[in-house]
file model-v5.cif (mmCIF, C-alpha atoms)
data_model
#
loop_
_atom_site.label_atom_id
_atom_site.label_comp_id
_atom_site.auth_asym_id
_atom_site.auth_seq_id
_atom_site.Cartn_x
_atom_site.Cartn_y
_atom_site.Cartn_z
CA MET A 1 73.83 115.83 104.82
CA LEU A 2 74.52 112.15 104.17
CA PRO A 3 71.98 110.87 101.59
CA ASP A 4 69.33 108.56 103.08
CA SER A 5 71.12 108.54 106.43
CA ARG A 6 68.37 106.37 107.93
CA HIS A 7 69.51 103.48 105.71
CA PRO A 8 73.17 104.20 104.90
CA ALA A 9 73.88 100.56 104.04
CA ARG A 10 71.69 100.92 100.97
CA VAL A 11 73.90 103.73 99.70
CA VAL A 12 76.99 101.53 99.98
CA VAL A 13 75.45 98.53 98.23
CA ALA A 14 73.87 100.58 95.45
CA GLY A 15 77.02 102.63 94.86
CA PHE A 16 79.28 99.61 94.50
CA ALA A 17 76.75 97.71 92.36
CA VAL A 18 76.43 100.62 89.92
CA THR A 19 80.21 101.03 89.73
CA ILE A 20 80.64 97.31 88.98
CA LEU A 21 77.96 97.51 86.28
CA ILE A 22 79.68 100.46 84.61
CA GLY A 23 83.04 98.69 84.79
CA THR A 24 81.53 95.53 83.29
CA VAL A 25 80.16 97.45 80.31
CA LEU A 26 83.48 99.21 79.71
CA LEU A 27 85.47 95.96 79.90
CA MET A 28 83.11 94.27 77.44
CA LEU A 29 83.97 96.81 74.74
CA PRO A 30 86.29 95.55 71.97
CA VAL A 31 88.73 98.38 72.69
CA ALA A 32 89.30 96.97 76.19
CA SER A 33 90.75 93.66 74.97
CA ALA A 34 94.18 93.24 73.39
CA ASN A 35 92.77 91.32 70.42
CA GLY A 36 90.02 93.86 69.79
CA GLN A 37 87.20 91.36 70.32
CA LEU A 38 84.13 91.58 72.51
CA THR A 39 84.73 90.20 76.02
CA SER A 40 82.18 87.82 77.52
CA TRP A 41 79.98 89.34 80.18
CA VAL A 42 81.07 86.78 82.78
CA THR A 43 84.76 87.63 82.32
CA ALA A 44 84.03 91.36 82.33
CA LEU A 45 81.78 91.09 85.39
CA PHE A 46 84.32 88.99 87.28
CA THR A 47 87.17 91.39 86.51
CA ALA A 48 85.11 94.50 87.32
CA THR A 49 83.91 93.00 90.62
CA SER A 50 87.44 91.93 91.53
CA ALA A 51 88.74 95.44 90.79
CA VAL A 52 85.99 97.43 92.53
CA CYS A 53 86.06 95.11 95.54
CA VAL A 54 89.89 95.36 95.45
CA THR A 55 90.29 91.60 95.42
CA GLY A 56 92.74 90.75 92.64
CA LEU A 57 91.40 87.36 91.55
CA ILE A 58 91.55 87.05 87.76
CA VAL A 59 90.14 84.68 85.16
CA VAL A 60 92.34 86.04 82.34
CA ASP A 61 95.95 87.20 82.35
CA THR A 62 95.75 90.96 82.97
CA PRO A 63 98.71 92.15 80.82
CA ALA A 64 98.08 89.65 78.02
CA TYR A 65 94.29 89.87 77.71
CA TRP A 66 93.51 93.53 78.35
CA SER A 67 94.60 96.44 76.18
CA THR A 68 96.04 99.62 77.67
CA PHE A 69 92.49 100.98 77.76
CA GLY A 70 91.33 97.85 79.59
CA GLU A 71 94.18 98.13 82.09
CA LEU A 72 93.30 101.78 82.72
CA VAL A 73 89.67 100.80 83.31
CA VAL A 74 90.82 98.21 85.84
CA LEU A 75 93.08 100.81 87.48
CA GLY A 76 90.23 103.31 87.67
CA LEU A 77 87.90 100.73 89.21
CA ILE A 78 90.55 99.87 91.80
CA GLN A 79 90.98 103.52 92.75
CA VAL A 80 87.25 104.21 92.91
CA GLY A 81 86.66 101.02 94.87
CA GLY A 82 89.49 101.68 97.32
CA LEU A 83 88.57 105.31 97.95
CA GLY A 84 84.90 104.41 98.14
CA ILE A 85 85.48 101.66 100.66
CA MET A 86 87.58 103.86 102.95
CA THR A 87 85.27 106.87 102.62
CA LEU A 88 81.93 105.12 102.98
CA ALA A 89 83.12 102.82 105.75
CA SER A 90 84.46 105.83 107.68
CA LEU A 91 81.23 107.75 107.18
CA LEU A 92 79.19 104.75 108.27
CA GLY A 93 81.32 104.51 111.38
CA MET A 94 80.64 108.17 112.12
CA VAL A 95 76.91 107.66 111.60
CA VAL A 96 76.92 104.71 114.00
CA THR A 97 79.00 106.57 116.58
CA ARG A 98 76.78 109.65 116.38
CA ARG A 99 73.61 107.59 116.67
CA MET A 100 74.92 105.67 119.66
CA ARG A 101 76.18 108.78 121.39
CA LEU A 102 72.89 110.60 120.98
CA ARG A 103 71.12 108.07 123.14
CA THR A 104 73.03 109.25 126.16
CA GLN A 105 72.78 112.98 125.45
CA ARG A 106 70.05 115.18 126.84
CA SER A 107 70.91 118.51 125.32
CA ALA A 108 68.36 119.64 122.74
CA GLN A 109 71.18 121.14 120.70
CA THR A 110 72.55 117.71 119.82
CA GLU A 111 69.36 116.04 118.62
CA THR A 112 70.45 115.85 114.98
CA LYS A 113 71.15 112.28 113.91
CA SER A 114 72.91 113.09 110.62
CA LEU A 115 76.44 114.05 109.75
CA VAL A 116 77.05 117.72 109.21
CA LEU A 117 78.61 118.82 105.93
CA GLY A 118 81.90 119.74 107.56
CA GLU A 119 82.43 116.24 108.95
CA VAL A 120 81.64 114.62 105.59
CA ARG A 121 84.06 116.95 103.83
CA ARG A 122 86.78 116.25 106.40
CA VAL A 123 86.49 112.49 105.91
CA VAL A 124 86.37 112.64 102.11
CA VAL A 125 89.26 115.08 101.79
CA GLY A 126 91.29 113.19 104.38
CA VAL A 127 90.85 109.86 102.59
CA ILE A 128 91.75 111.34 99.18
CA VAL A 129 94.80 113.25 100.42
CA LEU A 130 96.24 110.35 102.42
CA SER A 131 95.62 107.92 99.57
CA LEU A 132 97.27 110.13 96.96
CA ILE A 133 100.30 110.80 99.16
CA MET A 134 100.86 107.08 99.79
CA GLU A 135 100.35 106.18 96.15
CA ILE A 136 102.61 108.94 94.81
CA VAL A 137 105.48 108.07 97.14
CA THR A 138 105.18 104.35 96.36
CA ALA A 139 104.90 104.99 92.62
CA ALA A 140 108.01 107.19 92.65
CA ILE A 141 110.13 104.52 94.38
CA LEU A 142 108.89 101.75 92.10
CA SER A 143 109.31 103.82 88.93
CA LEU A 144 112.88 104.79 89.78
CA ARG A 145 113.78 101.17 90.53
CA LEU A 146 112.18 99.80 87.37
CA VAL A 147 113.87 102.40 85.16
CA ASN A 148 117.33 102.28 86.73
CA ALA A 149 117.64 98.57 87.54
CA TYR A 150 115.54 96.88 84.86
CA GLY A 151 116.00 99.13 81.85
CA TYR A 152 112.40 100.26 81.37
CA SER A 153 111.78 103.55 79.60
CA TRP A 154 110.62 106.40 81.79
CA ALA A 155 107.13 106.27 80.27
CA HIS A 156 106.69 102.51 80.71
CA GLY A 157 108.46 102.41 84.08
CA THR A 158 106.28 105.21 85.42
CA TYR A 159 103.13 103.49 84.14
CA LEU A 160 104.11 100.24 85.84
CA GLY A 161 105.05 102.10 89.03
CA VAL A 162 101.76 103.99 89.21
CA PHE A 163 99.65 100.91 88.44
CA HIS A 164 101.29 98.73 91.09
CA ALA A 165 101.34 101.56 93.66
CA VAL A 166 97.60 102.13 93.30
CA SER A 167 96.97 98.39 93.34
CA ALA A 168 99.13 97.99 96.45
CA PHE A 169 97.72 100.80 98.59
CA ASN A 170 94.18 99.71 97.74
CA ASN A 171 95.04 96.09 98.57
CA ALA A 172 93.86 95.07 95.11
CA GLY A 173 96.64 92.65 94.13
CA PHE A 174 96.36 93.27 90.38
CA ALA A 175 99.76 93.10 88.66
CA LEU A 176 100.90 93.72 85.10
CA TYR A 177 103.05 90.60 85.09
CA PRO A 178 101.81 87.05 84.39
CA ASP A 179 103.56 85.78 87.53
CA SER A 180 102.38 88.66 89.75
CA LEU A 181 105.63 89.76 91.48
CA VAL A 182 107.51 86.43 91.46
CA ARG A 183 110.26 87.90 89.26
CA TYR A 184 110.93 90.51 91.97
CA ALA A 185 110.82 88.10 94.91
CA THR A 186 114.31 88.99 96.17
CA ASP A 187 114.26 92.68 95.20
CA GLY A 188 113.68 94.68 98.37
CA TRP A 189 113.29 97.95 96.44
CA ILE A 190 110.18 96.50 94.79
CA CYS A 191 108.71 94.25 97.48
CA LEU A 192 109.17 96.45 100.56
CA PRO A 193 107.53 99.65 99.19
CA ILE A 194 104.60 97.57 97.97
CA ALA A 195 104.36 95.84 101.36
CA VAL A 196 104.44 99.16 103.23
CA ALA A 197 101.74 100.53 100.92
CA PHE A 198 99.31 97.66 101.37
CA VAL A 199 99.92 97.52 105.13
CA LEU A 200 99.12 101.23 105.51
CA GLY A 201 96.08 100.91 103.26
CA GLY A 202 94.92 97.90 105.23
CA LEU A 203 95.11 99.65 108.61
CA GLY A 204 92.12 101.82 107.73
CA PHE A 205 91.56 105.56 107.46
CA PRO A 206 90.62 106.13 111.14
CA VAL A 207 93.96 104.66 112.26
CA LEU A 208 95.93 106.50 109.57
CA PHE A 209 94.20 109.72 110.57
CA GLU A 210 95.22 109.21 114.19
CA LEU A 211 98.78 108.40 113.14
CA THR A 212 99.06 111.67 111.23
CA ARG A 213 97.62 113.61 114.17
CA HIS A 214 100.15 112.00 116.50
CA LEU A 215 103.02 112.78 114.13
CA ARG A 216 101.91 116.41 114.10
CA ARG A 217 101.47 116.23 117.90
CA VAL A 218 97.87 117.40 117.60
CA GLN A 219 96.59 114.35 119.45
CA ARG A 220 98.29 112.52 122.31
CA ARG A 221 95.75 109.92 123.42
CA TRP A 222 95.12 106.87 121.24
CA SER A 223 91.54 105.75 120.73
CA LEU A 224 90.58 102.22 121.72
CA HIS A 225 89.97 101.35 118.07
CA ALA A 226 93.47 102.46 117.06
CA ARG A 227 95.10 100.58 119.92
CA ILE A 228 93.24 97.37 119.14
CA THR A 229 93.93 97.66 115.41
CA LEU A 230 97.65 98.41 115.71
CA ALA A 231 98.32 95.80 118.38
CA GLY A 232 96.16 93.14 116.73
CA TYR A 233 97.50 93.79 113.25
CA GLY A 234 101.09 93.68 114.46
CA LEU A 235 100.66 90.49 116.47
CA ILE A 236 98.82 88.62 113.72
CA ALA A 237 101.33 89.82 111.13
CA LEU A 238 104.21 88.55 113.27
CA VAL A 239 102.55 85.15 113.66
CA GLY A 240 101.90 84.99 109.93
CA VAL A 241 105.44 85.89 108.93
CA VAL A 242 107.03 83.41 111.36
CA ALA A 243 104.60 80.60 110.48
CA ILE A 244 104.80 80.91 106.70
CA THR A 245 108.58 81.41 106.67
CA GLY A 246 109.10 78.44 108.97
CA LEU A 247 106.74 76.13 107.08
CA GLU A 248 108.18 76.96 103.66
CA TRP A 249 111.85 77.33 104.66
CA ASN A 250 112.94 73.98 103.22
CA ASN A 251 110.32 73.64 100.48
CA PRO A 252 112.39 73.42 97.26
CA ALA A 253 109.46 74.71 95.21
CA THR A 254 109.20 77.95 97.22
CA LEU A 255 111.66 79.35 99.78
CA GLY A 256 114.01 76.37 99.70
CA ALA A 257 115.50 77.45 96.38
CA MET A 258 116.61 80.88 97.70
CA ASP A 259 119.50 82.08 99.81
CA THR A 260 118.92 83.19 103.40
CA ASP A 261 118.30 86.86 102.59
CA GLY A 262 115.86 85.92 99.86
CA ARG A 263 114.01 83.53 102.15
CA LEU A 264 113.64 86.16 104.85
CA LEU A 265 112.44 88.85 102.45
CA THR A 266 110.01 86.58 100.65
CA GLY A 267 108.77 85.06 103.92
CA LEU A 268 108.14 88.56 105.26
CA PHE A 269 106.23 89.51 102.11
CA HIS A 270 104.09 86.38 102.13
CA GLY A 271 103.39 86.70 105.82
CA LEU A 272 101.94 90.17 105.18
CA THR A 273 100.22 89.81 101.82
CA PRO A 274 97.28 87.70 103.07
CA ARG A 275 96.13 90.76 105.06
CA THR A 276 94.66 91.32 102.16
CA ALA A 277 97.00 92.50 99.42
CA GLY A 278 96.89 89.56 97.01
CA PHE A 279 100.35 90.01 95.48
CA ASN A 280 102.52 86.92 95.50
CA THR A 281 106.25 86.44 95.07
CA LEU A 282 105.99 82.64 95.35
CA ASP A 283 103.95 80.05 93.49
CA VAL A 284 101.06 79.63 95.93
CA GLY A 285 100.06 76.35 94.30
CA GLU A 286 103.40 74.82 95.40
CA MET A 287 102.99 75.71 99.07
CA GLN A 288 102.60 73.11 101.80
CA PRO A 289 99.01 72.26 102.90
CA ALA A 290 99.84 73.62 106.37
CA THR A 291 100.95 76.92 104.82
CA LEU A 292 97.71 77.16 102.85
CA LEU A 293 95.73 76.62 106.04
CA VAL A 294 97.67 79.35 107.88
CA THR A 295 97.11 81.66 104.92
CA ASP A 296 93.37 80.82 105.02
CA VAL A 297 93.20 82.03 108.61
CA LEU A 298 95.15 85.22 107.84
CA MET A 299 92.93 85.99 104.84
CA PHE A 300 89.76 85.36 106.84
CA ILE A 301 90.83 87.77 109.59
CA GLY A 302 91.93 90.47 107.14
CA GLY A 303 93.02 93.98 108.09
CA GLY A 304 91.70 97.10 109.80
CA SER A 305 88.20 98.54 109.65
CA ALA A 306 87.35 101.36 107.22
CA GLY A 307 90.37 100.47 105.10
CA THR A 308 91.05 98.74 101.81
CA ALA A 309 91.61 95.33 103.43
CA GLY A 310 88.86 92.73 103.64
CA GLY A 311 88.05 89.85 105.98
CA ILE A 312 86.14 90.00 109.24
CA LYS A 313 88.66 92.65 110.37
CA VAL A 314 91.33 92.64 113.06
CA THR A 315 89.13 94.49 115.54
CA THR A 316 86.38 91.89 115.26
CA PHE A 317 88.85 89.06 115.82
CA ALA A 318 90.47 90.87 118.75
CA LEU A 319 87.13 91.63 120.39
CA LEU A 320 86.16 87.97 120.30
CA ALA A 321 89.53 87.04 121.79
CA PHE A 322 88.81 89.38 124.73
CA VAL A 323 85.31 87.91 125.04
CA ILE A 324 86.81 84.42 125.36
CA LEU A 325 89.33 85.70 127.91
CA ALA A 326 86.60 87.33 130.00
CA GLU A 327 84.49 84.17 129.86
CA ALA A 328 87.47 82.03 130.90
CA ARG A 329 88.01 84.33 133.88
CA GLY A 330 84.32 84.22 134.80
CA GLU A 331 83.97 88.00 134.43
CA PRO A 332 80.47 89.31 133.64
CA GLN A 333 81.79 92.20 131.55
CA VAL A 334 84.48 92.43 128.85
CA HIS A 335 87.22 94.96 129.57
CA ILE A 336 89.84 96.18 127.09
CA ALA A 337 92.61 98.66 127.95
CA GLY A 338 90.67 100.27 130.78
CA ARG A 339 87.38 100.38 128.86
CA ARG A 340 84.23 98.27 129.15
CA LEU A 341 82.93 96.69 125.96
CA PRO A 342 79.18 97.17 125.37
CA THR A 343 77.15 93.97 125.09
CA GLU A 344 75.72 94.98 121.70
CA VAL A 345 79.24 95.21 120.25
CA VAL A 346 79.92 91.62 121.32
CA ARG A 347 76.71 90.49 119.60
CA GLN A 348 77.62 92.37 116.44
CA ALA A 349 81.10 90.80 116.34
CA LEU A 350 79.66 87.31 116.84
CA THR A 351 77.09 87.91 114.09
CA VAL A 352 79.69 89.12 111.58
CA VAL A 353 81.95 86.13 112.23
CA LEU A 354 79.21 83.50 112.10
CA VAL A 355 77.71 84.94 108.91
CA ALA A 356 81.19 85.05 107.36
CA VAL A 357 81.82 81.41 108.25
CA GLY A 358 78.47 80.50 106.73
CA MET A 359 79.26 82.36 103.51
CA VAL A 360 82.66 80.71 103.10
CA PHE A 361 81.26 77.26 103.94
CA THR A 362 78.41 77.61 101.44
CA ALA A 363 80.68 78.84 98.63
CA THR A 364 83.22 76.09 99.31
CA LEU A 365 80.52 73.43 99.24
CA VAL A 366 79.09 74.73 95.96
CA LEU A 367 82.52 74.86 94.30
CA LEU A 368 83.33 71.34 95.50
CA VAL A 369 80.14 70.11 93.85
CA LEU A 370 80.78 72.04 90.63
CA THR A 371 84.46 71.18 90.18
CA ARG A 372 86.98 68.37 90.52
CA PHE A 373 89.40 70.33 92.71
CA GLY A 374 90.31 69.28 96.23
CA LEU A 375 89.24 70.90 99.48
CA ASP A 376 92.56 72.71 100.05
CA ALA A 377 92.38 74.59 96.74
CA VAL A 378 88.64 75.29 96.84
CA LEU A 379 88.64 76.50 100.46
CA PHE A 380 91.64 78.71 99.70
CA GLU A 381 89.79 80.21 96.71
CA SER A 382 86.62 80.84 98.72
CA VAL A 383 88.43 82.48 101.64
CA SER A 384 90.49 84.58 99.23
CA ALA A 385 87.34 85.80 97.49
CA PHE A 386 85.48 86.53 100.72
CA GLY A 387 88.49 88.29 102.24
CA THR A 388 89.01 90.21 98.97
CA VAL A 389 92.61 89.01 98.97
CA GLY A 390 93.26 87.76 95.46
CA LEU A 391 95.73 84.98 96.24
CA SER A 392 95.03 81.75 94.37
CA THR A 393 96.47 78.28 93.94
CA GLY A 394 95.89 78.73 90.20
CA ILE A 395 92.41 77.32 89.77
CA THR A 396 90.44 80.55 89.23
CA GLY A 397 90.62 80.50 85.43
CA GLU A 398 89.75 76.80 85.31
CA LEU A 399 86.46 77.15 87.18
CA PRO A 400 83.23 76.93 85.16
CA ALA A 401 81.16 80.05 84.51
CA VAL A 402 78.84 79.19 87.40
CA GLY A 403 81.88 78.93 89.68
CA HIS A 404 83.01 82.38 88.57
CA LEU A 405 79.58 83.77 89.42
CA VAL A 406 79.79 82.15 92.85
CA LEU A 407 83.09 83.94 93.45
CA VAL A 408 81.61 87.20 92.13
CA ALA A 409 78.83 86.95 94.71
CA LEU A 410 81.34 86.05 97.42
CA MET A 411 83.66 88.96 96.55
CA PHE A 412 80.79 91.43 96.56
CA THR A 413 79.20 90.23 99.79
CA GLY A 414 82.60 89.72 101.40
CA ARG A 415 83.59 93.30 100.59
CA ILE A 416 80.29 95.01 101.33
CA GLY A 417 78.76 92.56 103.79
CA PRO A 418 80.84 93.11 106.95
CA ILE A 419 80.66 96.91 106.53
CA THR A 420 76.92 97.12 105.97
CA MET A 421 76.10 94.34 108.42
CA ALA A 422 77.98 95.92 111.31
CA SER A 423 76.50 99.36 110.66
CA ALA A 424 73.00 98.02 110.10
CA LEU A 425 73.10 96.02 113.33
CA ALA A 426 74.32 99.04 115.26
CA LEU A 427 71.77 101.42 113.76
CA ARG A 428 68.91 98.99 114.44
CA GLU A 429 69.85 98.74 118.12
CA ARG A 430 66.88 99.69 120.27
CA GLY A 431 65.77 99.17 123.82
CA ARG A 432 62.88 97.00 125.03
CA ARG A 433 60.30 98.18 127.54
CA TYR A 434 59.92 94.70 129.00
CA ASP A 435 61.92 91.51 129.43
CA LEU A 436 61.07 87.81 129.48
CA PRO A 437 61.69 85.21 132.19
CA GLU A 438 65.23 83.88 132.18
CA GLU A 439 66.01 80.21 131.46
CA ARG A 440 69.50 78.81 130.89
CA PRO A 441 70.00 76.05 128.27
CA ILE A 442 72.94 73.66 128.43
CA VAL A 443 75.96 74.98 126.54
CA GLY A 444 78.70 72.65 125.29
#
call {"tool": "encode", "arguments": {"input": "model-v5.cif", "output": "structure tokens"}}
result
Amino acid sequence: MLPDSRHPARVVVAGFAVTILIGTVLLMLPVASANGQLTSWVTALFTATSAVCVTGLIVVDTPAYWSTFGELVVLGLIQVGGLGIMTLASLLGMVVTRRMRLRTQRSAQTETKSLVLGEVRRVVVGVIVLSLIMEIVTAAILSLRLVNAYGYSWAHGTYLGVFHAVSAFNNAGFALYPDSLVRYATDGWICLPIAVAFVLGGLGFPVLFELTRHLRRVQRRWSLHARITLAGYGLIALVGVVAITGLEWNNPATLGAMDTDGRLLTGLFHGLTPRTAGFNTLDVGEMQPATLLVTDVLMFIGGGSAGTAGGIKVTTFALLAFVILAEARGEPQVHIAGRRLPTEVVRQALTVVLVAVGMVFTATLVLLVLTRFGLDAVLFESVSAFGTVGLSTGITGELPAVGHLVLVALMFTGRIGPITMASALALRERGRRYDLPEERPIVG
């Protein structure tokens, strides 16, 4: 049985809060820092939250500040956070689906409103197995490249490969280099495996599960969720890659200094990483204002549901696009791929988006008041924190302690908020026995 299935959102919030608290305590220990001194609670809390919420924003240089023990704590928090997000989000989705389906069933044999043990085990085992397979394959490729091409020892190369593979699949964006992955910007053997890992992790477990079933020819029909996610993710990724590559093509501080192959590879990587990986192979602070704005939009949308990516999610964005299309056509109902979209789903999508906009606006306003930085940099930081991306123009470490706490709150609510909000709204759905007189206000 799923614990406290009547209020599953509480389980998610409490679980992540406790994990962050444990990580904060561990990172405060002298053994976690390279200089052997006690770490301030704000720095430890920020790093633990960023790791558990698989964001990647940092206030101290990861390889320089943290000891090997500290790095392993960060790695463990990333893995727990990534697996927890995929598992709990998938289970919440199953709870919601079961609850909704039960309203239309009459059979007394299906009156249970909780997940059976077999379903829970299937989700948990599936998430763990898929995650480990992706991480092991990515780590092997990275380790071999680092050892053979860059002269690392097998022990150090394997450590670097494993760390970056786990960080990539979980869309965490933590790197063991001061410049993230800038030094490997034109190395396809490093950038492409990492990109594939964070794209697969960002699609979400339900989509990955369907992909594996299709590869084994167990399932032939795609679900509506999988079709929306794959089509939406692909289209938005294409727009992002083309836009960022085009805008930065002649910028001497970014792509302009590379040859054509390097520009294409780096443009591809930076068109995908806002979805929400957080690795960078270019100096984000040197990008054009238009590029930062495009990246803001990509980070806000994020990746697939029940995955390691953040944002409002591709499905939410796609659903609203279909709502606008139906309204423009004057159609009373929203139809997608031969299916009718329930009205409550439209309301939930609108709620998630509007609350997300409000959160980003509030955080941006507070940071503008607290700091001297301009709107471009502060908005970028806020969207990156909410979308659990981890990209930054370089101002994170320069923010005051209160600013760091604002980002901590934004990372936590941005990571947990959309999941719990969508499930809570769905589980609270109930019918009314009466209705009120209709009156139409003026819109627009």
call {"tool": "residues_near_point", "arguments": {"input": "model-v5.cif", "point": "(93.8, 98.1, 96.0)", "cutoff": "8 Å", "atoms": "all atoms listed in the file", "output": "count of residues only"}}
result
19
call {"tool": "resolve_selection", "arguments": {"input": "model-v5.cif", "expression": "the PyMOL selection byres ((chain A and resi 139) around 10)", "output": "PyMOL selection string"}}
result
chain A and resi 133-138+140-145+157-166+168+193-194+197
call {"tool": "closest_residue", "arguments": {"input": "model-v5.cif", "among": "A:Gly70, A:Pro252, A:Pro178, A:Gly56", "to": "Val31 of chain A", "atoms": "all atoms listed in the file"}}
result
A:Gly70
call {"tool": "closest_residue", "arguments": {"input": "model-v5.cif", "among": "A:Gly397, A:Gly188, A:Gly414, A:Gly338", "to": "Ser223 of chain A", "atoms": "all atoms listed in the file"}}
result
A:Gly338
call {"tool": "residues_around", "arguments": {"input": "model-v5.cif", "residues": "Gly256 of chain A", "least_positions_apart": "3", "cutoff": "12 Å", "atoms": "only C-alpha atoms", "output": "tab-separated table (two decimals) with C-alpha atoms, in the coordinates of the input"}}
result
chain	number	residue	atom	x	y	z
A	245	THR	CA	108.58	81.41	106.67
A	246	GLY	CA	109.10	78.44	108.97
A	247	LEU	CA	106.74	76.13	107.08
A	248	GLU	CA	108.18	76.96	103.66
A	249	TRP	CA	111.85	77.33	104.66
A	250	ASN	CA	112.94	73.98	103.22
A	251	ASN	CA	110.32	73.64	100.48
A	252	PRO	CA	112.39	73.42	97.26
A	253	ALA	CA	109.46	74.71	95.21
A	259	ASP	CA	119.50	82.08	99.81
A	260	THR	CA	118.92	83.19	103.40
A	261	ASP	CA	118.30	86.86	102.59
A	262	GLY	CA	115.86	85.92	99.86
A	263	ARG	CA	114.01	83.53	102.15
A	264	LEU	CA	113.64	86.16	104.85
A	266	THR	CA	110.01	86.58	100.65
A	267	GLY	CA	108.77	85.06	103.92
A	282	LEU	CA	105.99	82.64	95.35
A	286	GLU	CA	103.40	74.82	95.40
A	287	MET	CA	102.99	75.71	99.07
call {"tool": "residues_around", "arguments": {"input": "model-v5.cif", "residues": "Val314 of chain A", "least_positions_apart": "5", "cutoff": "9 Å", "atoms": "only C-alpha atoms", "output": "list in words"}}
result
Ile228, Thr229, Leu230, Gly232, Tyr233, Ile236, Ile301, Gly302, Gly303, Gly304, Ser305 and Leu319 of chain A
call {"tool": "write_last_selection", "arguments": {"input": "model-v5.cif", "atoms": "C-alpha atoms", "output": "CSV table (one decimal), keeping the file's coordinate frame"}}
result
chain,number,residue,atom,x,y,z
A,228,ILE,CA,93.2,97.4,119.1
A,229,THR,CA,93.9,97.7,115.4
A,230,LEU,CA,97.6,98.4,115.7
A,232,GLY,CA,96.2,93.1,116.7
A,233,TYR,CA,97.5,93.8,113.2
A,236,ILE,CA,98.8,88.6,113.7
A,301,ILE,CA,90.8,87.8,109.6
A,302,GLY,CA,91.9,90.5,107.1
A,303,GLY,CA,93.0,94.0,108.1
A,304,GLY,CA,91.7,97.1,109.8
A,305,SER,CA,88.2,98.5,109.6
A,319,LEU,CA,87.1,91.6,120.4
call {"tool": "atom_distance", "arguments": {"input": "model-v5.cif", "atom1": "atom CA of Ser40 of chain A", "atom2": "atom CA of Val60 of chain A"}}
result
11.4 Å
call {"tool": "atom_distance", "arguments": {"input": "model-v5.cif", "atom1": "atom CA of His156 of chain A", "atom2": "atom CA of Gly307 of chain A"}}
result
29.4 Å
call {"tool": "atom_distance", "arguments": {"input": "model-v5.cif", "atom1": "atom CA of Glu381 of chain A", "atom2": "atom CA of Ala243 of chain A"}}
result
20.2 Å
